[in-house]
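A.B. asks: Following this message is one structure expressed as structure tokens.
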Amino acid sequence: MNRLLLLLFTIVFSTLQAQESSLIKIETENSALVLKVGRNKKLYQTYLGTKLNNGSEYEFISKENIKKFVINDGNPLIDLRHQVYPTFGTDNLFEPAIRMTHNDGNPSLELEYQSHTSEKITEDISQITIQLKDSQYPVFVALHYKIFYKENVIETWTEIKHKEKKPVVIYNYASVALHLDSDKYWLTQFYSDVVEEMRMEESQLTRGSKVIDSRLGVRTNMFASPSFFLSLNAKAEENTGEVISGTIAWSGNFKHTFEIDNNNELRIISGINEFASEYTLEPGKTFKTPSFIYTFSNKGKGQASRNLHSWARKYGIKDGEKPRLTLLNNWETTFFDFDQIKLSNMFDDAKTLGVDMFLLDDGWFGNKYPRSGSTSGLGDWEATKSKLPDGIGFLMKKAKETNVKFGIWIEPEMINEKSELYEKHPDWVLSLPNREKNIYRTQLVLDLCNPKVQDFVFKVVDDIMQTESGVAFFKWDCNRMMTSAYSTYLKNQQSHLFIEYTKGLYKVLDRIKSKYPDLPMMLCAGGGGRIDYGLLNYFTEFWASDNTDPFDRIFIQWGYSNFYPAMATCNHVTSMGNQSIKFRTDVAMMGKLGFDIHVGGLKEDELKYCQEAVSNYKRLSTTIGQGDLYRLVSPYKDSRAVLMYVNENKTKSVLFSYTLHPLTDPNYGLVRLNGLDPSKKYLVKEINLMPKNKNTFEESGNIFSGDFLMKIGLKVSSSRQENSVVLEITNTSLL
């Protein structure tokens with residue numbers, strides 16, 4: 001009997017050793033994705049979740065699972081059901097990651113594992129590349145996994161190529177397929193519209209498919225965000241629950257498919273939207289998908305957000321660890337009605353306010369067709385002589401005189417019919433040749449598939465930068481989507497349009513980034529219509545919404561905070577809404593602060609308040625922009641919003657509390673803080689007070705332990721309507 005047990009154990013142990021040798025472990029500090037090569041040479045996903053303990057050959061297999069393996073071969077790490085990159089045409093019954101037609105008309109693929117490599121790039125970053133090949137055709141697929149260990153983020157993309165004699169057609173080309181096996185699944189998505197960006201909606205997934213996608217070609221986030229949360233077993237809360245946060249780094253059409261099968265297992269397939277985009281791939285050429293970026297958290301949505309923020313600041317956003325410029329924009333003060341004298345005075349206003357930069361918005365260009373409104377001039381990027389007789393060079397000199405930086409607005413992807421550019425190059429426009437042009441916001445889209453158009457768009461930026469000393473900043477706008485789109489340049493390959501346009505945009509931005517590596521730029525698209533980590537590789541920040549009413553902005557900025565760090569979210573103090581200057585400014589300080597107001601129209605106490613708020617923001621901008629975010633009270637669950645930022649060494653924190661529209665006295669309770677060091681002592685002080693006003697926070701000036709602040713909390717919210725409180729929390733060792 002003992003010999004039989006010993007023999008059985010030896011067989012099991014040897015089998016497990018073989019299983020272990022064929023495992024591919026993609027691990028961050030706290031999460032793991034485990035893949036396995038089956039005996040049929042196919043590659044399967046066997047695990048996705050919390051990282052298990054290291055230290056033995058049984059690293060991924062518990063004693064209970066060994067028992068299951070011996071009895072019925074049911075170990076979840078050995079059960080091979082989920083192909084890593086599912087194909088079409090053979091035995092796959094559900095959504096494929098890849099679909100292709102070969103030269104002989106065969107529409108099937110069967111990918112077999114060939115090899116894999118692992119590369120250590122830095123102490124924090126490694127990359128695993130897995131090579132797959134079809135068993136019958138010379139088709140090759142490379143799966144790439146870039147691992148950001150400390151940030152607990154994985155970036156994955158796919159490369160497809162072939163050596164058939166003629167081009168093949170690929171119909172599906174996902175960046176990733178992930179498999180999950182839980183009792184229930186909860187999807188948090190973010191719908192949008194003009195002035196209604198990033199509104200959160202959560203629902204339980206049911207059998208079948210749920211799709212979040214965009215087919216707009218450009219300004220692709222106009223109705224839906226490319227980012228989501230997926231909670232496992234139950235709704236994840238801010239600090240509890242298992243959740244995946246995912247997003248696609250692509251600025252064109254995207255698609256996330258969530259499909260629950262007959263076994264209640266979920267397949268997530270994400271990538272470029274294949275809608276109207278079958279792609280002809282030449283022999284020897286490589287089709288590279290955009291990156292899908294995700295993080296797994298077993299500590300709720302808050303930790304997932306902090307993971308993405310940390311990754312974004314270091315790797316995902318241009319100059320993510322550098323300071324941002326505070327600014328004064330002229331738009332709401334002047335709209336299109338200005339001249340160089342009026343603009344000169346606004347440099348002085350920026351100086352008075354204490355901000356770093358004056359940003360000149362729309363309306364400065366066009367001569368044959370001056371930009372006196374939205375119907376003309378777009379495409380003619382020369383200063384309007386009647387408004388700026390000395391050109392933008394005059395404004396650059398004014399910037400030097402006042403020691404205020406100068407930024408400028410452009411929309412180089414778009415064109416008005418009433419422009420010299422359109423008269424010269426009507427073939428540069430995306431438009432069907434035999435149908436009436438579809439005009440949206442009085443403009444059309446330039447064809448960035450065309451290299452000549454790419455050169456033109458690059459030249460718009462380059463010419464401005466070559467004038468005098470150049471500008472310190474660009475606001476790059478994009479105010480419409482594609483409709484009735486047809487590329488004269490692409491001829492009979494119109495199904496490539498959505499993809500090649502986005503690639504053309506990236507080519508332009510690569511050239512700009514290469515020539516002007518330190519140039520900050522704001523991403524804008526009729527508000528927040530085009531925000532993703534594909535473009536944020538080139539842009540330092542983004543405009544969240546044209547809706548700057550502070551009540552609405554709290555929800556909009558709250559939505560973006562789930563996936564993007566505060567230093568990237570541009571928030572301006574404007575005249576929109578009827579709230580006080582304090583409330584408007586406190587809301588804008590939640591991210592990257594700017595102003596779009598008539599400074600001369602401020603009352604004396606309002607100006608003093610703004611000056612002090614700017615000073616406070618500059619002093620605390622590192623904590624706000626680079627600190628860890630803790631969302632404490634959600635405006636979706638209460639008539640207030642409370643959040644705080646904590647710096648890396650937990651010595652400084654900034655807390656924002658906003659009271660919204662309570663119908664009755666809500667009698668708000670204490671709010672427990674988060675992210676502090678329980679052993680440290682902290683001075684809590686209210687800042688951003690109107691001149692001569694008393695503290696609304698009664699405990700201002702008191703010292704508390706981090707332990708007290710996190711376990712007991714503070715009464716940070718007032719029951720008064722339209723009230724905001726900003727607290728500076730400082731470790732006493734710094735005093």
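As shown in the structure tokens, the chain order sets the letters A, B, ...; within each chain, residues go from 1, and ligands are also counted from 1 in the order they appear.
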Mind the document's chain letters and residue numbers, and return as a PyMOL selection string the residues of region 557-688 of chain A that DSSP labels alpha helix (DSSP H).
C.D. replies: chain A and resi 557-561+581-588+604-626
A.B. asks: If you run DSSP on this backbone, which residues of region 338-504 of chain A come out as strand (DSSP E), and could you give them as a VMD selection string?
C.D. replies: chain A and resid 357 to 360 405 to 410 414 to 415 444 to 445 473 to 476
A.B. asks: If we count only C-alpha atoms and set the cut-off at 12 Å, which residues sit around Glu411 (chain A), ignoring sequence neighbours fewer than 2 positions away in its own chain? Please answer as an mmCIF file with C-alpha atoms, in the first residue's frame.
C.D. replies:
```cif
data_model
loop_
_atom_site.group_PDB
_atom_site.id
_atom_site.type_symbol
_atom_site.label_atom_id
_atom_site.label_comp_id
_atom_site.auth_asym_id
_atom_site.auth_seq_id
_atom_site.Cartn_x
_atom_site.Cartn_y
_atom_site.Cartn_z
ATOM 1 C CA ASP A 361 -7.466 80.515 -28.037
ATOM 2 C CA ASP A 362 -9.351 80.335 -31.357
ATOM 3 C CA GLY A 363 -9.698 83.321 -33.716
ATOM 4 C CA TRP A 364 -6.139 84.525 -34.381
ATOM 5 C CA PHE A 365 -5.616 83.268 -37.970
ATOM 6 C CA SER A 374 -16.456 79.340 -36.724
ATOM 7 C CA GLY A 377 -10.313 80.479 -41.843
ATOM 8 C CA LEU A 378 -9.725 76.997 -40.414
ATOM 9 C CA GLY A 379 -6.707 75.659 -42.279
ATOM 10 C CA ASP A 380 -5.052 79.050 -42.944
ATOM 11 C CA TRP A 381 -2.573 79.219 -40.085
ATOM 12 C CA ILE A 408 -1.592 79.116 -28.570
ATOM 13 C CA TRP A 409 -4.654 77.188 -29.853
ATOM 14 C CA GLU A 413 -6.683 68.233 -38.453
ATOM 15 C CA MET A 414 -9.746 70.241 -39.500
ATOM 16 C CA ILE A 415 -10.675 72.687 -42.264
ATOM 17 C CA ASN A 416 -13.403 75.146 -43.225
ATOM 18 C CA GLN A 443 -15.929 72.096 -40.756
ATOM 19 C CA LEU A 444 -14.517 69.016 -42.461
ATOM 20 C CA VAL A 445 -11.738 66.546 -41.596
ATOM 21 C CA LEU A 446 -8.403 66.571 -43.374
ATOM 22 C CA VAL A 457 -0.107 69.428 -40.180
ATOM 23 C CA PHE A 458 3.462 69.101 -38.926
ATOM 24 C CA VAL A 460 1.520 74.190 -38.776
ATOM 25 C CA VAL A 461 3.336 73.479 -35.514
ATOM 26 C CA PHE A 474 -0.086 74.279 -27.710
ATOM 27 C CA LYS A 475 -3.753 73.573 -27.167
ATOM 28 C CA TRP A 476 -4.558 71.055 -29.924
ATOM 29 C CA ASP A 477 -8.295 70.865 -30.642
ATOM 30 C CA CYS A 478 -10.396 68.457 -32.708
ATOM 31 C CA ASN A 479 -14.052 69.437 -32.917
ATOM 32 C CA ARG A 480 -15.747 66.841 -35.073
ATOM 33 C CA MET A 522 -3.023 70.075 -24.216
ATOM 34 C CA LEU A 523 -5.270 67.517 -25.863
ATOM 35 C CA CYS A 524 -8.769 68.821 -26.629
ATOM 36 C CA ALA A 525 -11.675 67.568 -28.745
ATOM 37 C CA GLY A 526 -14.793 69.671 -28.385
#
```
A.B. asks: Name the residues in contact with Arg435 (chain A) at a cut-off of 12 Å, using only C-alpha atoms, excluding same-chain residues fewer than 2 positions from it; report them as an mmCIF file with N, CA and C atoms, in the first residue's frame.
C.D. replies:
```cif
data_model
loop_
_atom_site.group_PDB
_atom_site.id
_atom_site.type_symbol
_atom_site.label_atom_id
_atom_site.label_comp_id
_atom_site.auth_asym_id
_atom_site.auth_seq_id
_atom_site.Cartn_x
_atom_site.Cartn_y
_atom_site.Cartn_z
ATOM 1 N N LEU A 430 -11.603 64.522 -46.273
ATOM 2 C CA LEU A 430 -12.335 63.255 -46.244
ATOM 3 C C LEU A 430 -13.788 63.525 -46.614
ATOM 4 N N SER A 431 -14.177 63.076 -47.810
ATOM 5 C CA SER A 431 -15.544 63.338 -48.269
ATOM 6 C C SER A 431 -15.865 62.412 -49.432
ATOM 7 N N LEU A 432 -17.078 61.897 -49.448
ATOM 8 C CA LEU A 432 -17.501 61.023 -50.538
ATOM 9 C C LEU A 432 -17.563 61.805 -51.847
ATOM 10 N N PRO A 433 -17.053 61.238 -52.945
ATOM 11 C CA PRO A 433 -16.933 62.006 -54.192
ATOM 12 C C PRO A 433 -18.263 62.276 -54.887
ATOM 13 N N LYS A 437 -21.483 67.009 -49.290
ATOM 14 C CA LYS A 437 -20.594 67.007 -48.132
ATOM 15 C C LYS A 437 -21.405 67.093 -46.839
ATOM 16 N N ASN A 438 -20.945 66.363 -45.848
ATOM 17 C CA ASN A 438 -21.591 66.385 -44.549
ATOM 18 C C ASN A 438 -20.786 67.301 -43.634
ATOM 19 N N THR A 483 -17.750 61.733 -40.800
ATOM 20 C CA THR A 483 -19.003 61.325 -41.440
ATOM 21 C C THR A 483 -18.797 61.400 -42.948
ATOM 22 N N SER A 484 -19.504 60.559 -43.679
ATOM 23 C CA SER A 484 -19.367 60.519 -45.147
ATOM 24 C C SER A 484 -17.889 60.491 -45.543
ATOM 25 N N ALA A 485 -17.130 59.692 -44.831
ATOM 26 C CA ALA A 485 -15.673 59.728 -44.978
ATOM 27 C C ALA A 485 -15.207 58.873 -46.152
ATOM 28 N N TYR A 486 -14.374 59.465 -46.982
ATOM 29 C CA TYR A 486 -13.756 58.778 -48.118
ATOM 30 C C TYR A 486 -12.407 59.427 -48.362
#
```
A.B. asks: I want to know what sits within 12 Å of Gly577 (chain A), based on only C-alpha atoms, with residues of the same chain fewer than 6 positions away left out; could you give that as an mmCIF file with all heavy atoms, in the first residue's frame?
C.D. replies:
```cif
data_model
loop_
_atom_site.group_PDB
_atom_site.id
_atom_site.type_symbol
_atom_site.label_atom_id
_atom_site.label_comp_id
_atom_site.auth_asym_id
_atom_site.auth_seq_id
_atom_site.Cartn_x
_atom_site.Cartn_y
_atom_site.Cartn_z
ATOM 1 N N ASN A 547 -17.910 71.888 -20.509
ATOM 2 C CA ASN A 547 -18.793 72.184 -19.386
ATOM 3 C C ASN A 547 -17.926 72.499 -18.171
ATOM 4 O O ASN A 547 -17.284 71.615 -17.600
ATOM 5 C CB ASN A 547 -19.696 70.985 -19.098
ATOM 6 C CG ASN A 547 -20.702 71.260 -17.992
ATOM 7 O OD1 ASN A 547 -20.627 72.266 -17.293
ATOM 8 N ND2 ASN A 547 -21.637 70.346 -17.810
ATOM 9 N N THR A 548 -17.886 73.761 -17.790
ATOM 10 C CA THR A 548 -17.068 74.166 -16.640
ATOM 11 C C THR A 548 -17.916 74.599 -15.450
ATOM 12 O O THR A 548 -17.387 75.168 -14.490
ATOM 13 C CB THR A 548 -16.107 75.304 -17.037
ATOM 14 O OG1 THR A 548 -16.868 76.388 -17.603
ATOM 15 C CG2 THR A 548 -15.075 74.816 -18.042
ATOM 16 N N ASP A 549 -19.228 74.339 -15.509
ATOM 17 C CA ASP A 549 -20.047 74.547 -14.321
ATOM 18 C C ASP A 549 -19.497 73.654 -13.214
ATOM 19 O O ASP A 549 -19.395 72.438 -13.391
ATOM 20 C CB ASP A 549 -21.497 74.176 -14.627
ATOM 21 C CG ASP A 549 -22.406 74.387 -13.427
ATOM 22 O OD1 ASP A 549 -22.265 73.629 -12.435
ATOM 23 O OD2 ASP A 549 -23.252 75.297 -13.457
ATOM 24 N N PRO A 550 -19.130 74.215 -12.068
ATOM 25 C CA PRO A 550 -18.415 73.416 -11.064
ATOM 26 C C PRO A 550 -19.205 72.240 -10.517
ATOM 27 O O PRO A 550 -18.612 71.203 -10.179
ATOM 28 C CB PRO A 550 -18.067 74.419 -9.967
ATOM 29 C CG PRO A 550 -18.936 75.601 -10.211
ATOM 30 C CD PRO A 550 -19.213 75.631 -11.670
ATOM 31 N N PHE A 551 -20.528 72.346 -10.416
ATOM 32 C CA PHE A 551 -21.307 71.195 -9.963
ATOM 33 C C PHE A 551 -21.171 70.033 -10.943
ATOM 34 O O PHE A 551 -20.929 68.895 -10.555
ATOM 35 C CB PHE A 551 -22.784 71.575 -9.798
ATOM 36 C CG PHE A 551 -23.074 72.353 -8.546
ATOM 37 C CD1 PHE A 551 -24.002 73.377 -8.563
ATOM 38 C CD2 PHE A 551 -22.425 72.074 -7.349
ATOM 39 C CE1 PHE A 551 -24.283 74.109 -7.408
ATOM 40 C CE2 PHE A 551 -22.692 72.794 -6.193
ATOM 41 C CZ PHE A 551 -23.622 73.814 -6.217
ATOM 42 N N ASP A 552 -21.323 70.328 -12.232
ATOM 43 C CA ASP A 552 -21.169 69.279 -13.245
ATOM 44 C C ASP A 552 -19.728 68.791 -13.312
ATOM 45 O O ASP A 552 -19.474 67.592 -13.498
ATOM 46 C CB ASP A 552 -21.595 69.812 -14.615
ATOM 47 C CG ASP A 552 -23.084 70.100 -14.692
ATOM 48 O OD1 ASP A 552 -23.845 69.493 -13.917
ATOM 49 O OD2 ASP A 552 -23.486 70.942 -15.519
ATOM 50 N N ARG A 553 -18.813 69.726 -13.165
ATOM 51 C CA ARG A 553 -17.398 69.382 -13.266
ATOM 52 C C ARG A 553 -16.957 68.395 -12.181
ATOM 53 O O ARG A 553 -16.068 67.581 -12.402
ATOM 54 C CB ARG A 553 -16.540 70.640 -13.189
ATOM 55 C CG ARG A 553 -16.123 71.211 -14.534
ATOM 56 C CD ARG A 553 -15.186 70.252 -15.253
ATOM 57 N NE ARG A 553 -14.727 70.811 -16.502
ATOM 58 C CZ ARG A 553 -13.466 70.792 -16.914
ATOM 59 N NH1 ARG A 553 -12.540 70.223 -16.176
ATOM 60 N NH2 ARG A 553 -13.138 71.297 -18.074
ATOM 61 N N PHE A 583 -15.802 78.559 -4.708
ATOM 62 C CA PHE A 583 -16.243 77.208 -5.050
ATOM 63 C C PHE A 583 -15.691 76.798 -6.416
ATOM 64 O O PHE A 583 -15.195 75.683 -6.597
ATOM 65 C CB PHE A 583 -17.770 77.145 -5.048
ATOM 66 C CG PHE A 583 -18.317 75.743 -5.112
ATOM 67 C CD1 PHE A 583 -18.567 75.030 -3.949
ATOM 68 C CD2 PHE A 583 -18.583 75.140 -6.334
ATOM 69 C CE1 PHE A 583 -19.070 73.737 -4.004
ATOM 70 C CE2 PHE A 583 -19.089 73.852 -6.397
ATOM 71 C CZ PHE A 583 -19.333 73.148 -5.231
ATOM 72 N N ARG A 584 -15.768 77.718 -7.388
ATOM 73 C CA ARG A 584 -15.282 77.414 -8.734
ATOM 74 C C ARG A 584 -13.783 77.104 -8.729
ATOM 75 O O ARG A 584 -13.325 76.173 -9.393
ATOM 76 C CB ARG A 584 -15.573 78.583 -9.674
ATOM 77 C CG ARG A 584 -17.043 78.701 -10.079
ATOM 78 C CD ARG A 584 -17.273 79.870 -11.001
ATOM 79 N NE ARG A 584 -17.457 81.116 -10.271
ATOM 80 C CZ ARG A 584 -17.252 82.319 -10.777
ATOM 81 N NH1 ARG A 584 -16.812 82.455 -12.028
ATOM 82 N NH2 ARG A 584 -17.461 83.402 -10.057
ATOM 83 N N GLU A 722 -23.656 74.823 -1.665
ATOM 84 C CA GLU A 722 -22.521 75.431 -2.365
ATOM 85 C C GLU A 722 -21.413 75.794 -1.386
ATOM 86 O O GLU A 722 -21.107 76.950 -1.146
ATOM 87 C CB GLU A 722 -22.963 76.681 -3.149
ATOM 88 C CG GLU A 722 -21.931 77.158 -4.149
ATOM 89 C CD GLU A 722 -21.827 78.666 -4.236
ATOM 90 O OE1 GLU A 722 -22.813 79.286 -4.617
ATOM 91 O OE2 GLU A 722 -20.746 79.198 -3.913
#
```
A.B. asks: Of the candidates A:Pro517, A:Pro107, A:Pro323, A:Gly534, which shows the shortest atom-to-atom distance to Tyr617 (chain A), using only C-alpha atoms?
C.D. replies: A:Pro323
A.B. asks: Which of these, A:Ala236, A:Met567, A:Leu23, A:Met710, has the shortest distance to Lys318 (chain A) once you count only C-alpha atoms?
C.D. replies: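 The answer is A:Met567, which sits nearest to Lys318 (chain A).
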A.B. asks: Residues within 12 Å of Phe704 (chain A), please, as an MDAnalysis selection string. Count only C-alpha atoms; anything in the same chain fewer than 2 positions from it doesn't count.
C.D. replies: chainID A and resid 673 676:685 699:702 706:714 729:732
A.B. asks: What lies within 10 Å of Gln454 (chain A) using only C-alpha atoms, ignoring chain neighbours under 4 positions off, as a PyMOL selection string?
C.D. replies: chain A and resi 412-413+446-450+458-459+501+504-509+511
A.B. asks: Those residues you just picked out, can you put them in a file as a PDB file, in the first residue's frame with C-alpha atoms?
C.D. replies:
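Contents of the output file result29.pdb:
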```pdb
ATOM      1  CA  PRO A 412      -4.720  71.410 -37.561  1.00  0.00           C
ATOM      2  CA  GLU A 413      -6.683  68.233 -38.453  1.00  0.00           C
ATOM      3  CA  LEU A 446      -8.403  66.571 -43.374  1.00  0.00           C
ATOM      4  CA  ASP A 447      -7.134  63.244 -44.749  1.00  0.00           C
ATOM      5  CA  LEU A 448      -4.227  62.281 -42.506  1.00  0.00           C
ATOM      6  CA  CYS A 449      -3.812  59.037 -44.447  1.00  0.00           C
ATOM      7  CA  ASN A 450      -2.137  61.256 -47.048  1.00  0.00           C
ATOM      8  CA  PHE A 458       3.462  69.101 -38.926  1.00  0.00           C
ATOM      9  CA  LYS A 459       4.325  72.386 -40.651  1.00  0.00           C
ATOM     10  CA  TYR A 501      -5.882  58.055 -40.262  1.00  0.00           C
ATOM     11  CA  GLY A 504      -1.019  59.179 -39.781  1.00  0.00           C
ATOM     12  CA  LEU A 505      -1.839  61.318 -36.753  1.00  0.00           C
ATOM     13  CA  TYR A 506       0.703  59.405 -34.685  1.00  0.00           C
ATOM     14  CA  LYS A 507       3.339  59.930 -37.399  1.00  0.00           C
ATOM     15  CA  VAL A 508       2.817  63.689 -37.214  1.00  0.00           C
ATOM     16  CA  LEU A 509       2.991  63.689 -33.435  1.00  0.00           C
ATOM     17  CA  ARG A 511       7.810  64.179 -35.662  1.00  0.00           C
TER      18      ARG A 511
END
```
A.B. asks: I'd like to know which of A:Asp638, A:Asp356, A:Glu606, A:Asp628 is closest to Val654 (chain A), using only C-alpha atoms.
C.D. replies: A:Asp628
A.B. asks: Considering only C-alpha atoms, can you say which of A:Phe394, A:Tyr516, A:Trp428, A:Phe287 comes closest to Thr488 (chain A)?
C.D. replies: A:Trp428
A.B. asks: With only C-alpha atoms as the basis for distance, which of A:Gly528, A:Glu604, A:Gly391, A:Ile687 is at the shortest distance from Asn616 (chain A)?
C.D. replies: A:Ile687
